[in-house]
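run_2.cif (mmCIF, C-alpha atoms and all ligand atoms)
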```
data_protein
#
loop_
_atom_site.label_atom_id
_atom_site.label_comp_id
_atom_site.auth_asym_id
_atom_site.auth_seq_id
_atom_site.Cartn_x
_atom_site.Cartn_y
_atom_site.Cartn_z
CA MET A 1098 -36.97 -56.29 21.59
CA ASN A 1099 -33.33 -55.16 21.83
CA ILE A 1100 -31.02 -56.07 18.97
CA THR A 1101 -27.26 -55.59 19.07
CA VAL A 1102 -25.17 -55.79 15.92
CA ARG A 1103 -21.38 -55.72 15.97
CA ALA A 1104 -19.29 -54.42 13.07
CA PRO A 1105 -15.50 -54.42 12.64
CA ALA A 1106 -12.84 -51.83 11.94
CA LYS A 1107 -10.94 -52.27 8.69
CA ILE A 1108 -7.33 -51.97 7.76
CA ASN A 1109 -6.12 -51.64 4.18
CA LEU A 1110 -3.43 -54.22 3.45
CA HIS A 1111 -3.08 -52.56 0.06
CA LEU A 1112 -4.35 -49.11 -0.84
CA GLY A 1113 -3.70 -48.11 -4.43
CA VAL A 1114 -5.05 -44.64 -5.23
CA GLY A 1115 -5.65 -43.25 -8.72
CA ALA A 1116 -6.14 -39.72 -10.01
CA PRO A 1117 -9.30 -37.92 -8.85
CA ARG A 1118 -12.37 -38.73 -10.99
CA GLU A 1119 -14.89 -36.26 -12.36
CA ASP A 1120 -17.37 -37.23 -9.61
CA GLY A 1121 -14.80 -36.22 -6.97
CA PHE A 1122 -13.95 -39.77 -5.88
CA HIS A 1123 -10.55 -41.36 -6.39
CA SER A 1124 -10.39 -44.75 -8.16
CA LEU A 1125 -9.13 -47.26 -5.62
CA MET A 1126 -7.66 -50.71 -5.79
CA THR A 1127 -7.62 -51.83 -2.20
CA VAL A 1128 -7.48 -54.97 -0.11
CA TYR A 1129 -9.49 -54.60 3.07
CA GLN A 1130 -9.21 -56.79 6.13
CA ALA A 1131 -11.74 -56.69 8.96
CA VAL A 1132 -10.02 -56.80 12.35
CA GLY A 1133 -11.34 -57.55 15.83
CA ILE A 1134 -11.75 -53.96 17.01
CA CYS A 1135 -15.52 -53.53 16.82
CA ASP A 1136 -18.33 -51.07 17.49
CA ASP A 1137 -21.75 -52.26 18.64
CA VAL A 1138 -25.05 -50.72 17.58
CA SER A 1139 -28.04 -51.61 19.80
CA VAL A 1140 -31.56 -50.75 18.70
CA SER A 1141 -34.98 -51.08 20.30
CA ARG A 1142 -38.51 -50.03 19.43
CA SER A 1143 -39.52 -46.45 20.19
CA ALA A 1144 -42.17 -43.89 19.24
CA ALA A 1145 -39.42 -41.50 18.06
CA TRP A 1146 -35.80 -41.49 16.87
CA THR A 1147 -33.15 -41.18 19.60
CA LEU A 1148 -29.41 -41.70 19.30
CA ARG A 1149 -26.89 -42.07 22.11
CA VAL A 1150 -23.17 -42.80 21.96
CA SER A 1151 -21.06 -44.51 24.59
CA VAL A 1152 -17.25 -44.30 24.38
CA PRO A 1153 -14.32 -45.75 26.33
CA GLU A 1154 -12.29 -43.22 28.34
CA TRP A 1155 -9.67 -42.91 25.59
CA ILE A 1156 -12.19 -41.64 23.02
CA ASP A 1157 -13.34 -38.01 23.29
CA PRO A 1158 -17.16 -38.18 23.14
CA ASP A 1159 -17.30 -34.74 21.49
CA LEU A 1160 -15.68 -36.21 18.37
CA VAL A 1161 -18.77 -38.30 17.60
CA PRO A 1162 -21.57 -36.13 16.20
CA LEU A 1163 -25.16 -36.40 17.41
CA GLY A 1164 -28.34 -34.79 16.13
CA GLY A 1165 -28.42 -35.73 12.46
CA ASP A 1166 -24.75 -35.59 11.50
CA ASN A 1167 -24.05 -39.10 12.72
CA ILE A 1168 -23.73 -41.56 9.83
CA VAL A 1169 -26.15 -43.85 11.70
CA ASP A 1170 -28.88 -41.22 11.26
CA ARG A 1171 -28.23 -41.23 7.52
CA ALA A 1172 -28.21 -45.03 7.43
CA ALA A 1173 -31.58 -45.15 9.18
CA SER A 1174 -33.08 -42.50 6.87
CA LEU A 1175 -31.91 -44.28 3.70
CA LEU A 1176 -33.13 -47.69 4.86
CA ALA A 1177 -36.50 -46.28 5.99
CA ALA A 1178 -36.92 -44.33 2.73
CA HIS A 1179 -36.07 -47.44 0.67
CA HIS A 1180 -39.03 -49.24 2.27
CA GLY A 1181 -41.32 -46.25 2.86
CA VAL A 1182 -41.39 -46.70 6.64
CA ASP A 1183 -40.82 -44.23 9.51
CA ALA A 1184 -37.31 -44.16 11.00
CA LYS A 1185 -38.17 -44.65 14.65
CA ALA A 1186 -35.92 -46.42 17.15
CA ASP A 1187 -33.83 -45.95 20.26
CA VAL A 1188 -30.22 -46.42 19.15
CA LEU A 1189 -27.06 -46.78 21.21
CA ILE A 1190 -23.64 -46.81 19.52
CA THR A 1191 -20.94 -48.32 21.72
CA LYS A 1192 -17.61 -47.27 20.24
CA SER A 1193 -14.29 -49.10 20.44
CA ILE A 1194 -12.99 -48.11 17.00
CA PRO A 1195 -10.82 -44.96 17.07
CA VAL A 1196 -12.64 -41.90 15.69
CA ALA A 1197 -11.12 -40.31 12.57
CA GLY A 1198 -8.41 -42.96 12.86
CA GLY A 1199 -8.39 -44.37 9.32
CA MET A 1200 -10.14 -47.56 10.49
CA ALA A 1201 -13.61 -46.71 9.14
CA GLY A 1202 -15.37 -46.62 12.50
CA GLY A 1203 -18.26 -44.53 11.22
CA SER A 1204 -18.69 -46.93 8.30
CA ALA A 1205 -18.80 -49.86 10.74
CA ASP A 1206 -21.56 -48.10 12.69
CA ALA A 1207 -23.53 -47.47 9.51
CA ALA A 1208 -23.26 -51.13 8.48
CA ALA A 1209 -24.25 -52.32 11.96
CA ALA A 1210 -27.22 -49.93 12.00
CA LEU A 1211 -28.46 -51.18 8.61
CA VAL A 1212 -28.42 -54.80 9.83
CA ALA A 1213 -29.94 -53.97 13.22
CA LEU A 1214 -32.71 -51.71 11.93
CA ASP A 1215 -33.55 -54.08 9.08
CA ARG A 1216 -34.27 -56.73 11.70
CA LEU A 1217 -36.00 -54.38 14.18
CA TRP A 1218 -38.36 -53.07 11.50
CA GLY A 1219 -38.87 -56.55 9.95
CA LEU A 1220 -37.84 -55.35 6.49
CA GLU A 1221 -35.93 -58.38 5.14
CA THR A 1222 -33.90 -56.20 2.77
CA SER A 1223 -32.05 -58.28 0.16
CA ASP A 1224 -28.25 -58.46 0.39
CA ALA A 1225 -27.97 -56.66 -2.96
CA ASP A 1226 -30.16 -53.77 -1.77
CA LEU A 1227 -28.34 -53.57 1.55
CA LEU A 1228 -25.00 -53.33 -0.29
CA ARG A 1229 -26.39 -50.60 -2.57
CA ILE A 1230 -27.67 -48.56 0.38
CA ALA A 1231 -24.31 -49.12 2.10
CA ALA A 1232 -22.45 -47.79 -0.96
CA ASP A 1233 -24.61 -44.65 -0.94
CA LEU A 1234 -23.56 -44.05 2.68
CA GLY A 1235 -19.81 -44.27 2.10
CA SER A 1236 -17.05 -46.08 0.22
CA ASP A 1237 -16.11 -48.33 3.17
CA VAL A 1238 -19.64 -49.26 4.31
CA PRO A 1239 -20.18 -52.24 1.94
CA PHE A 1240 -16.96 -53.82 3.23
CA ALA A 1241 -18.11 -53.37 6.85
CA LEU A 1242 -21.15 -55.49 5.91
CA LEU A 1243 -19.05 -58.13 4.15
CA GLY A 1244 -16.06 -58.44 6.52
CA GLY A 1245 -13.27 -60.99 6.09
CA THR A 1246 -10.63 -60.01 3.55
CA ALA A 1247 -11.79 -58.46 0.30
CA LEU A 1248 -10.65 -56.65 -2.81
CA GLY A 1249 -12.26 -53.23 -3.09
CA THR A 1250 -12.55 -51.47 -6.48
CA GLY A 1251 -14.49 -48.52 -7.90
CA HIS A 1252 -14.00 -45.97 -5.09
CA GLY A 1253 -13.78 -48.86 -2.60
CA GLU A 1254 -17.50 -49.68 -2.62
CA LEU A 1255 -17.33 -52.71 -4.95
CA VAL A 1256 -16.17 -55.59 -2.77
CA GLU A 1257 -15.42 -59.25 -3.35
CA GLN A 1258 -13.90 -61.75 -0.93
CA VAL A 1259 -10.36 -62.97 -1.63
CA GLU A 1260 -8.55 -66.09 -0.49
CA ASP A 1261 -6.94 -65.61 2.92
CA ALA A 1262 -5.16 -68.60 4.45
CA ALA A 1263 -4.31 -67.40 7.96
CA THR A 1264 -5.27 -65.58 11.11
CA TRP A 1265 -2.95 -62.57 11.10
CA TRP A 1266 -1.96 -60.67 14.23
CA TRP A 1267 -1.94 -56.89 14.22
CA VAL A 1268 -0.92 -54.16 16.64
CA ALA A 1269 -2.79 -50.88 16.16
CA VAL A 1270 -1.12 -47.78 17.59
CA VAL A 1271 -3.88 -45.21 18.04
CA SER A 1272 -3.11 -41.50 17.86
CA ASP A 1273 -4.78 -39.09 20.27
CA GLU A 1274 -5.46 -36.67 17.41
CA GLY A 1275 -7.52 -37.73 14.36
CA MET A 1276 -6.87 -36.85 10.71
CA SER A 1277 -9.30 -35.67 8.07
CA THR A 1278 -9.59 -38.23 5.26
CA PRO A 1279 -10.36 -35.54 2.59
CA ALA A 1280 -7.29 -33.52 3.69
CA VAL A 1281 -5.02 -36.57 3.23
CA TYR A 1282 -6.48 -37.24 -0.24
CA ARG A 1283 -5.98 -33.57 -1.18
CA HIS A 1284 -2.34 -33.80 -0.13
CA PHE A 1285 -1.97 -37.06 -2.06
CA ASP A 1286 -3.17 -35.20 -5.19
CA VAL A 1287 -0.55 -32.49 -4.66
CA LEU A 1288 2.24 -35.04 -4.19
CA ASN A 1289 1.06 -37.26 -7.08
CA PRO A 1290 -0.05 -35.09 -10.00
CA ASP A 1291 0.59 -38.02 -12.37
CA ALA A 1292 -1.35 -40.70 -10.47
CA PRO A 1293 -2.74 -43.34 -12.88
CA VAL A 1294 -6.42 -43.27 -13.84
CA GLN A 1295 -6.69 -46.87 -12.62
CA PRO A 1296 -4.34 -48.22 -9.91
CA GLU A 1297 -2.74 -51.63 -10.51
CA SER A 1298 -3.96 -54.94 -9.14
CA PRO A 1299 -2.04 -56.04 -5.98
CA ASP A 1300 -1.20 -59.52 -7.28
CA ALA A 1301 1.83 -60.14 -5.01
CA LEU A 1302 -0.20 -59.26 -1.91
CA LEU A 1303 -3.08 -61.51 -2.95
CA ALA A 1304 -0.60 -64.39 -3.41
CA ALA A 1305 0.94 -63.65 0.01
CA LEU A 1306 -2.51 -63.77 1.66
CA ALA A 1307 -3.18 -67.14 0.06
CA SER A 1308 0.24 -68.42 1.27
CA GLY A 1309 -0.50 -67.74 4.95
CA ASP A 1310 3.13 -66.56 5.46
CA PRO A 1311 3.38 -63.36 7.56
CA LEU A 1312 6.86 -62.53 6.26
CA ARG A 1313 5.57 -62.63 2.68
CA LEU A 1314 2.52 -60.59 3.60
CA GLY A 1315 4.73 -58.05 5.38
CA GLU A 1316 6.81 -57.53 2.22
CA THR A 1317 3.73 -56.77 0.12
CA LEU A 1318 1.76 -54.42 2.42
CA HIS A 1319 1.37 -51.07 0.67
CA ASN A 1320 -0.45 -47.77 1.19
CA ASP A 1321 -0.33 -45.02 -1.47
CA LEU A 1322 -1.65 -42.52 1.12
CA GLN A 1323 1.18 -43.18 3.56
CA GLU A 1324 3.56 -40.59 2.11
CA ALA A 1325 0.87 -37.89 2.28
CA ALA A 1326 -0.17 -38.89 5.81
CA ILE A 1327 3.43 -38.83 7.07
CA ASP A 1328 4.08 -35.53 5.33
CA LEU A 1329 1.14 -34.05 7.27
CA ARG A 1330 2.02 -35.89 10.49
CA PRO A 1331 5.78 -36.68 10.63
CA ASP A 1332 5.33 -38.43 14.01
CA LEU A 1333 3.70 -41.33 12.13
CA GLY A 1334 7.03 -42.04 10.42
CA ASP A 1335 8.71 -42.26 13.83
CA ILE A 1336 6.01 -44.65 15.06
CA ILE A 1337 6.56 -46.95 12.08
CA ASP A 1338 10.34 -46.88 12.57
CA PHE A 1339 9.87 -47.73 16.26
CA GLY A 1340 7.61 -50.69 15.44
CA HIS A 1341 10.21 -52.08 13.05
CA ALA A 1342 12.94 -51.62 15.69
CA VAL A 1343 10.96 -53.61 18.30
CA GLY A 1344 10.27 -56.62 16.11
CA ALA A 1345 7.16 -55.97 14.02
CA VAL A 1346 7.27 -57.73 10.66
CA ARG A 1347 6.06 -54.53 8.96
CA GLY A 1348 4.16 -51.39 9.87
CA ILE A 1349 1.98 -49.17 7.70
CA VAL A 1350 -0.34 -46.23 8.13
CA SER A 1351 -3.93 -47.52 8.22
CA GLY A 1352 -5.96 -45.98 5.38
CA SER A 1353 -5.67 -42.20 5.60
CA GLY A 1354 -4.19 -42.44 9.13
CA PRO A 1355 -3.26 -41.59 11.77
CA THR A 1356 -3.60 -45.11 13.25
CA CYS A 1357 -0.50 -47.16 12.39
CA VAL A 1358 -0.86 -50.94 12.16
CA PHE A 1359 1.90 -53.49 12.56
CA LEU A 1360 1.87 -57.08 11.36
CA ALA A 1361 3.43 -59.49 13.87
CA GLU A 1362 4.56 -63.09 13.37
CA SER A 1363 2.26 -64.49 16.07
CA ALA A 1364 -0.12 -63.46 18.86
CA ASP A 1365 2.78 -63.53 21.36
CA ALA A 1366 4.95 -61.41 19.08
CA ALA A 1367 2.08 -58.91 18.71
CA ARG A 1368 1.78 -58.61 22.50
CA GLU A 1369 5.54 -57.96 22.74
CA VAL A 1370 5.40 -55.22 20.10
CA ALA A 1371 2.40 -53.67 21.89
CA ALA A 1372 4.20 -53.78 25.24
CA ALA A 1373 7.21 -52.00 23.73
CA PHE A 1374 4.94 -49.23 22.42
CA GLY A 1375 3.32 -48.99 25.87
CA LYS A 1376 6.72 -48.59 27.56
CA ASN A 1377 7.54 -45.92 24.99
CA GLY A 1378 4.58 -43.82 26.17
CA HIS A 1379 1.87 -44.77 23.66
CA GLU A 1380 -1.31 -44.99 25.70
CA VAL A 1381 -3.72 -46.68 23.31
CA VAL A 1382 -2.21 -49.75 21.67
CA LEU A 1383 -4.57 -52.54 20.60
CA VAL A 1384 -3.70 -56.14 19.67
CA THR A 1385 -6.15 -57.76 17.32
CA PRO A 1386 -6.53 -60.70 14.94
CA GLY A 1387 -7.89 -60.49 11.44
CA PRO A 1388 -9.83 -61.37 9.44
CA VAL A 1389 -13.10 -61.32 11.41
CA ALA A 1390 -16.75 -61.30 10.35
CA GLY A 1391 -18.58 -58.29 8.94
CA ALA A 1392 -21.64 -56.76 10.64
CA HIS A 1393 -23.40 -59.54 12.56
CA VAL A 1394 -26.11 -59.91 15.15
CA VAL A 1395 -24.77 -60.63 18.65
CA THR A 1396 -27.97 -60.32 20.72
CA TYR A 1397 -31.63 -60.18 19.77
P1 LIG A 1401 -12.92 -42.66 6.92
O1 LIG A 1401 -11.56 -43.14 6.59
O2 LIG A 1401 -14.03 -43.65 6.57
O3 LIG A 1401 -13.25 -41.24 6.54
P2 LIG A 1401 -12.13 -42.71 9.68
O4 LIG A 1401 -12.04 -44.11 10.10
O5 LIG A 1401 -10.84 -41.97 9.52
O6 LIG A 1401 -13.04 -42.60 8.44
P3 LIG A 1401 -14.43 -42.21 11.32
O7 LIG A 1401 -14.21 -42.63 12.72
O8 LIG A 1401 -15.29 -43.07 10.47
O9 LIG A 1401 -13.02 -41.93 10.67
O10 LIG A 1401 -15.04 -40.75 11.37
C1 LIG A 1401 -14.83 -39.73 10.43
C2 LIG A 1401 -15.72 -38.56 10.85
O11 LIG A 1401 -17.10 -38.95 10.69
C3 LIG A 1401 -15.60 -38.19 12.32
O12 LIG A 1401 -14.62 -37.21 12.49
C4 LIG A 1401 -16.99 -37.73 12.71
O13 LIG A 1401 -17.10 -36.32 12.61
C5 LIG A 1401 -17.93 -38.31 11.66
N1 LIG A 1401 -18.86 -39.36 12.17
C6 LIG A 1401 -20.16 -39.48 11.83
N2 LIG A 1401 -20.72 -40.54 12.41
C7 LIG A 1401 -19.79 -41.14 13.15
C8 LIG A 1401 -19.78 -42.29 13.97
N3 LIG A 1401 -20.88 -43.06 14.15
N4 LIG A 1401 -18.62 -42.64 14.57
C9 LIG A 1401 -17.52 -41.88 14.37
N5 LIG A 1401 -17.48 -40.76 13.63
C10 LIG A 1401 -18.59 -40.38 13.00
#
```
Take the structure from the file and write it as structure tokens.
Amino acid sequence: MNITVRAPAKINLHLGVGAPREDGFHSLMTVYQAVGICDDVSVSRSAAWTLRVSVPEWIDPDLVPLGGDNIVDRAASLLAAHHGVDAKADVLITKSIPVAGGMAGGSADAAAALVALDRLWGLETSDADLLRIAADLGSDVPFALLGGTALGTGHGELVEQVEDAATWWWVAVVSDEGMSTPAVYRHFDVLNPDAPVQPESPDALLAALASGDPLRLGETLHNDLQEAAIDLRPDLGDIIDFGHAVGAVRGIVSGSGPTCVFLAESADAAREVAAAFGKNGHEVVLVTPGPVAGAHVVTY
């Protein structure tokens, strides 16, 4: 039996960040959207645990850890421990989500692995338990299970779907050098010593999503980490300015960066923005719709 589960990258349409909490996390008020850039996790029965990773030529394979440090190893261990079974499987991760790009690729792999291994091992884990295990793995993992468009609270791990009236078209400009999420948060803390304990609810953005109007959505996109990310990587500011100059409705840094995402008015408009980036020397520029489904079985 070979089971393949696909899980999406996320972008944060709104990322409100509070002051650091005593447990080290930051309180977040975020709106996630799952977009059609996906990793696949394929699993099959085996007498041992093996993990392989396959990457497209634009991803450096050395960036994805093997041998225990991969988040998929941790996902398998937690799921197996929850049920008291042995974590044995052959696992192949096929990556398309940029690594360390602010699009939660590792979280997508973890979510896909939970769904795939649950089925391979015949565990029938409840949705509530799967979400709890996901939250233990990382703040963005529950959303990678849920998909669609969702409000994320707590440190991002508490997710609930929100009304979203459209298919939105995005252009993702991928950087050839990743950024460390903890380093961006540390710089945010330096720049924002008076950050609120609890960030505000993004009411205008939620209304824009329900309206289906890309111009309205563009006006309300917001990322509290953007200033810190651009301070650390000034080229991201130039990329956003370029996207605006070539017709994007609005560009923002995705999560902690360095991927920049641009909302376009239509699929055609997105392709035009992407082509302009290509002509300007950006090698990896992806056009994608959102929202898409969370982790789901594609072959079994
Ligand atoms: P986040 O914002 O969730 O920290 P990101 O989207 O910026 O993440 P990821 O691609 O999830 O970045 O990877 C962050 C780091 O996690 C990588 O630099 C890598 O060392 C480690 N990692 C562990 N497992 C994986 C995996 N399956 N795919 C990619 N990176 C992984």
_Around ligand LIG 1401 (chain A), which protein and nucleic acid residues have at least one atom no more than 10 Å from it, if we count only C-alpha atoms and all ligand atoms? List them as a ChimeraX atom specification._
/A:1106-1108,1136,1138,1150,1158-1163,1165-1171,1190-1207,1210,1235-1238,1275-1279,1281,1351-1356
Selection from above, C-alpha atoms, as a compact mmCIF listing (two decimals), in the coordinates of the input, can you write it?
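In the end it all went to result.txt:
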```txt
# COMPACT_ATOMS: atom_id res chain seq x y z
CA ALA A 1106 -12.84 -51.83 11.94
CA LYS A 1107 -10.94 -52.27 8.69
CA ILE A 1108 -7.33 -51.97 7.76
CA ASP A 1136 -18.33 -51.07 17.49
CA VAL A 1138 -25.05 -50.72 17.58
CA VAL A 1150 -23.17 -42.80 21.96
CA PRO A 1158 -17.16 -38.18 23.14
CA ASP A 1159 -17.30 -34.74 21.49
CA LEU A 1160 -15.68 -36.21 18.37
CA VAL A 1161 -18.77 -38.30 17.60
CA PRO A 1162 -21.57 -36.13 16.20
CA LEU A 1163 -25.16 -36.40 17.41
CA GLY A 1165 -28.42 -35.73 12.46
CA ASP A 1166 -24.75 -35.59 11.50
CA ASN A 1167 -24.05 -39.10 12.72
CA ILE A 1168 -23.73 -41.56 9.83
CA VAL A 1169 -26.15 -43.85 11.70
CA ASP A 1170 -28.88 -41.22 11.26
CA ARG A 1171 -28.23 -41.23 7.52
CA ILE A 1190 -23.64 -46.81 19.52
CA THR A 1191 -20.94 -48.32 21.72
CA LYS A 1192 -17.61 -47.27 20.24
CA SER A 1193 -14.29 -49.10 20.44
CA ILE A 1194 -12.99 -48.11 17.00
CA PRO A 1195 -10.82 -44.96 17.07
CA VAL A 1196 -12.64 -41.90 15.69
CA ALA A 1197 -11.12 -40.31 12.57
CA GLY A 1198 -8.41 -42.96 12.86
CA GLY A 1199 -8.39 -44.37 9.32
CA MET A 1200 -10.14 -47.56 10.49
CA ALA A 1201 -13.61 -46.71 9.14
CA GLY A 1202 -15.37 -46.62 12.50
CA GLY A 1203 -18.26 -44.53 11.22
CA SER A 1204 -18.69 -46.93 8.30
CA ALA A 1205 -18.80 -49.86 10.74
CA ASP A 1206 -21.56 -48.10 12.69
CA ALA A 1207 -23.53 -47.47 9.51
CA ALA A 1210 -27.22 -49.93 12.00
CA GLY A 1235 -19.81 -44.27 2.10
CA SER A 1236 -17.05 -46.08 0.22
CA ASP A 1237 -16.11 -48.33 3.17
CA VAL A 1238 -19.64 -49.26 4.31
CA GLY A 1275 -7.52 -37.73 14.36
CA MET A 1276 -6.87 -36.85 10.71
CA SER A 1277 -9.30 -35.67 8.07
CA THR A 1278 -9.59 -38.23 5.26
CA PRO A 1279 -10.36 -35.54 2.59
CA VAL A 1281 -5.02 -36.57 3.23
CA SER A 1351 -3.93 -47.52 8.22
CA GLY A 1352 -5.96 -45.98 5.38
CA SER A 1353 -5.67 -42.20 5.60
CA GLY A 1354 -4.19 -42.44 9.13
CA PRO A 1355 -3.26 -41.59 11.77
CA THR A 1356 -3.60 -45.11 13.25
```
_Contact residues around A:Val1370 with all atoms listed in the file at 8 Å, ignoring same-chain residues under 4 positions, as an MDAnalysis selection string_ = chainID A and resid 1268 1340 1343:1345 1361 1366 1374
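Shortest atom-to-atom contact with A:Thr1246 among A:Asp1332, A:Glu1274, A:Glu1324, A:Asp1261: A:Asp1261, counting only C-alpha atoms.
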*Which distance in Å separates atom CA of A:Pro1117 and atom CA of A:Asp1291, to one decimal?*
10.5 Å
_I'd like the contact shell of A:Val1182 - 12 Å cut-off, only C-alpha atoms, skipping same-chain residues fewer than 2 positions apart - returned as a ChimeraX atom specification._
/A:1173-1180,1184-1186,1214-1215,1218-1220
*Select, from A:Ala1280, A:Val1132, A:Met1126, A:Val1287, the residue with the minimum atom-to-atom distance to A:Gly1245, counting all atoms listed in the file.*
A:Val1132
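Taking only C-alpha atoms into account, A:Asp1300 lies nearest to A:Glu1260 out of the set A:Asp1286, A:Asp1226, A:Glu1221, A:Glu1260.
Take the candidates A:Pro1299, A:Leu1211, A:Gly1251, A:Leu1228 and check each one against A:Asp1120 using all atoms listed in the file; the shortest distance goes to A:Gly1251.
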*asked:* Residues within 12 Å of A:Ser1124, please, as a PyMOL selection string. Count all atoms listed in the file; anything in the same chain fewer than 5 positions from it doesn't count.
replied: chain A and resi 1112-1119+1236+1249-1255+1282+1292-1297
Please save C-alpha atoms of the selected residues as a PDB file, in the frame of the given file.
```
ATOM      1  CA  LEU A1112      -4.350 -49.110  -0.840  1.00  0.00           C
ATOM      2  CA  GLY A1113      -3.700 -48.110  -4.430  1.00  0.00           C
ATOM      3  CA  VAL A1114      -5.050 -44.640  -5.230  1.00  0.00           C
ATOM      4  CA  GLY A1115      -5.650 -43.250  -8.720  1.00  0.00           C
ATOM      5  CA  ALA A1116      -6.140 -39.720 -10.010  1.00  0.00           C
ATOM      6  CA  PRO A1117      -9.300 -37.920  -8.850  1.00  0.00           C
ATOM      7  CA  ARG A1118     -12.370 -38.730 -10.990  1.00  0.00           C
ATOM      8  CA  GLU A1119     -14.890 -36.260 -12.360  1.00  0.00           C
ATOM      9  CA  SER A1236     -17.050 -46.080   0.220  1.00  0.00           C
ATOM     10  CA  GLY A1249     -12.260 -53.230  -3.090  1.00  0.00           C
ATOM     11  CA  THR A1250     -12.550 -51.470  -6.480  1.00  0.00           C
ATOM     12  CA  GLY A1251     -14.490 -48.520  -7.900  1.00  0.00           C
ATOM     13  CA  HIS A1252     -14.000 -45.970  -5.090  1.00  0.00           C
ATOM     14  CA  GLY A1253     -13.780 -48.860  -2.600  1.00  0.00           C
ATOM     15  CA  GLU A1254     -17.500 -49.680  -2.620  1.00  0.00           C
ATOM     16  CA  LEU A1255     -17.330 -52.710  -4.950  1.00  0.00           C
ATOM     17  CA  TYR A1282      -6.480 -37.240  -0.240  1.00  0.00           C
ATOM     18  CA  ALA A1292      -1.350 -40.700 -10.470  1.00  0.00           C
ATOM     19  CA  PRO A1293      -2.740 -43.340 -12.880  1.00  0.00           C
ATOM     20  CA  VAL A1294      -6.420 -43.270 -13.840  1.00  0.00           C
ATOM     21  CA  GLN A1295      -6.690 -46.870 -12.620  1.00  0.00           C
ATOM     22  CA  PRO A1296      -4.340 -48.220  -9.910  1.00  0.00           C
ATOM     23  CA  GLU A1297      -2.740 -51.630 -10.510  1.00  0.00           C
TER      24      GLU A1297
END
```
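Comparing A:Ile1349, A:Ala1392, A:Val1358, A:Leu1288 by their smallest distance to A:Ala1325, the closest is A:Leu1288 (using all atoms listed in the file).
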Expected axis-aligned box over every listed atom of stretch 1198-1209 of chain A, 6 Å added per side, centre plus edges in Å to one decimal, as AutoDock Vina command-line options:
```
--center_x -16.3 --center_y -47.6 --center_z 10.6 --size_x 27.9 --size_y 21.4 --size_z 16.6
```
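Across the model, the gap from atom CA of A:Val1259 to atom CA of A:Tyr1129 is 9.6 Å.
Closest approach to A:Val1394 from the set A:Leu1110, A:Ala1172, A:Ala1304, A:Leu1217 is made by A:Leu1217, with distances taken over only C-alpha atoms.
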*Between atom CA of A:Asp1310 and atom CA of A:Leu1333, what is the distance, to one decimal in Å?*
26.1 Å
*Taking (-5.6, -56.1, 19.7) in the file's own coordinates, collect the residues within 12 Å, counting only C-alpha atoms, and hand them back as a ChimeraX atom specification.*
/A:1106,1132-1135,1193-1194,1265-1271,1358-1361,1364-1372,1381-1387
*Might you pull out every residue within 6 Å of A:Asp1187, with all atoms listed in the file counted and same-chain residues fewer than 5 positions away left off, and present them as a PyMOL selection string?*
chain A and resi 1140-1141+1143+1146-1147
*Ref. answer, residues at most 6 Å from (-1.9, -62.8, 8.4) with all atoms listed in the file, as a VMD selection string*: chain A and resid 1263 to 1265 1311
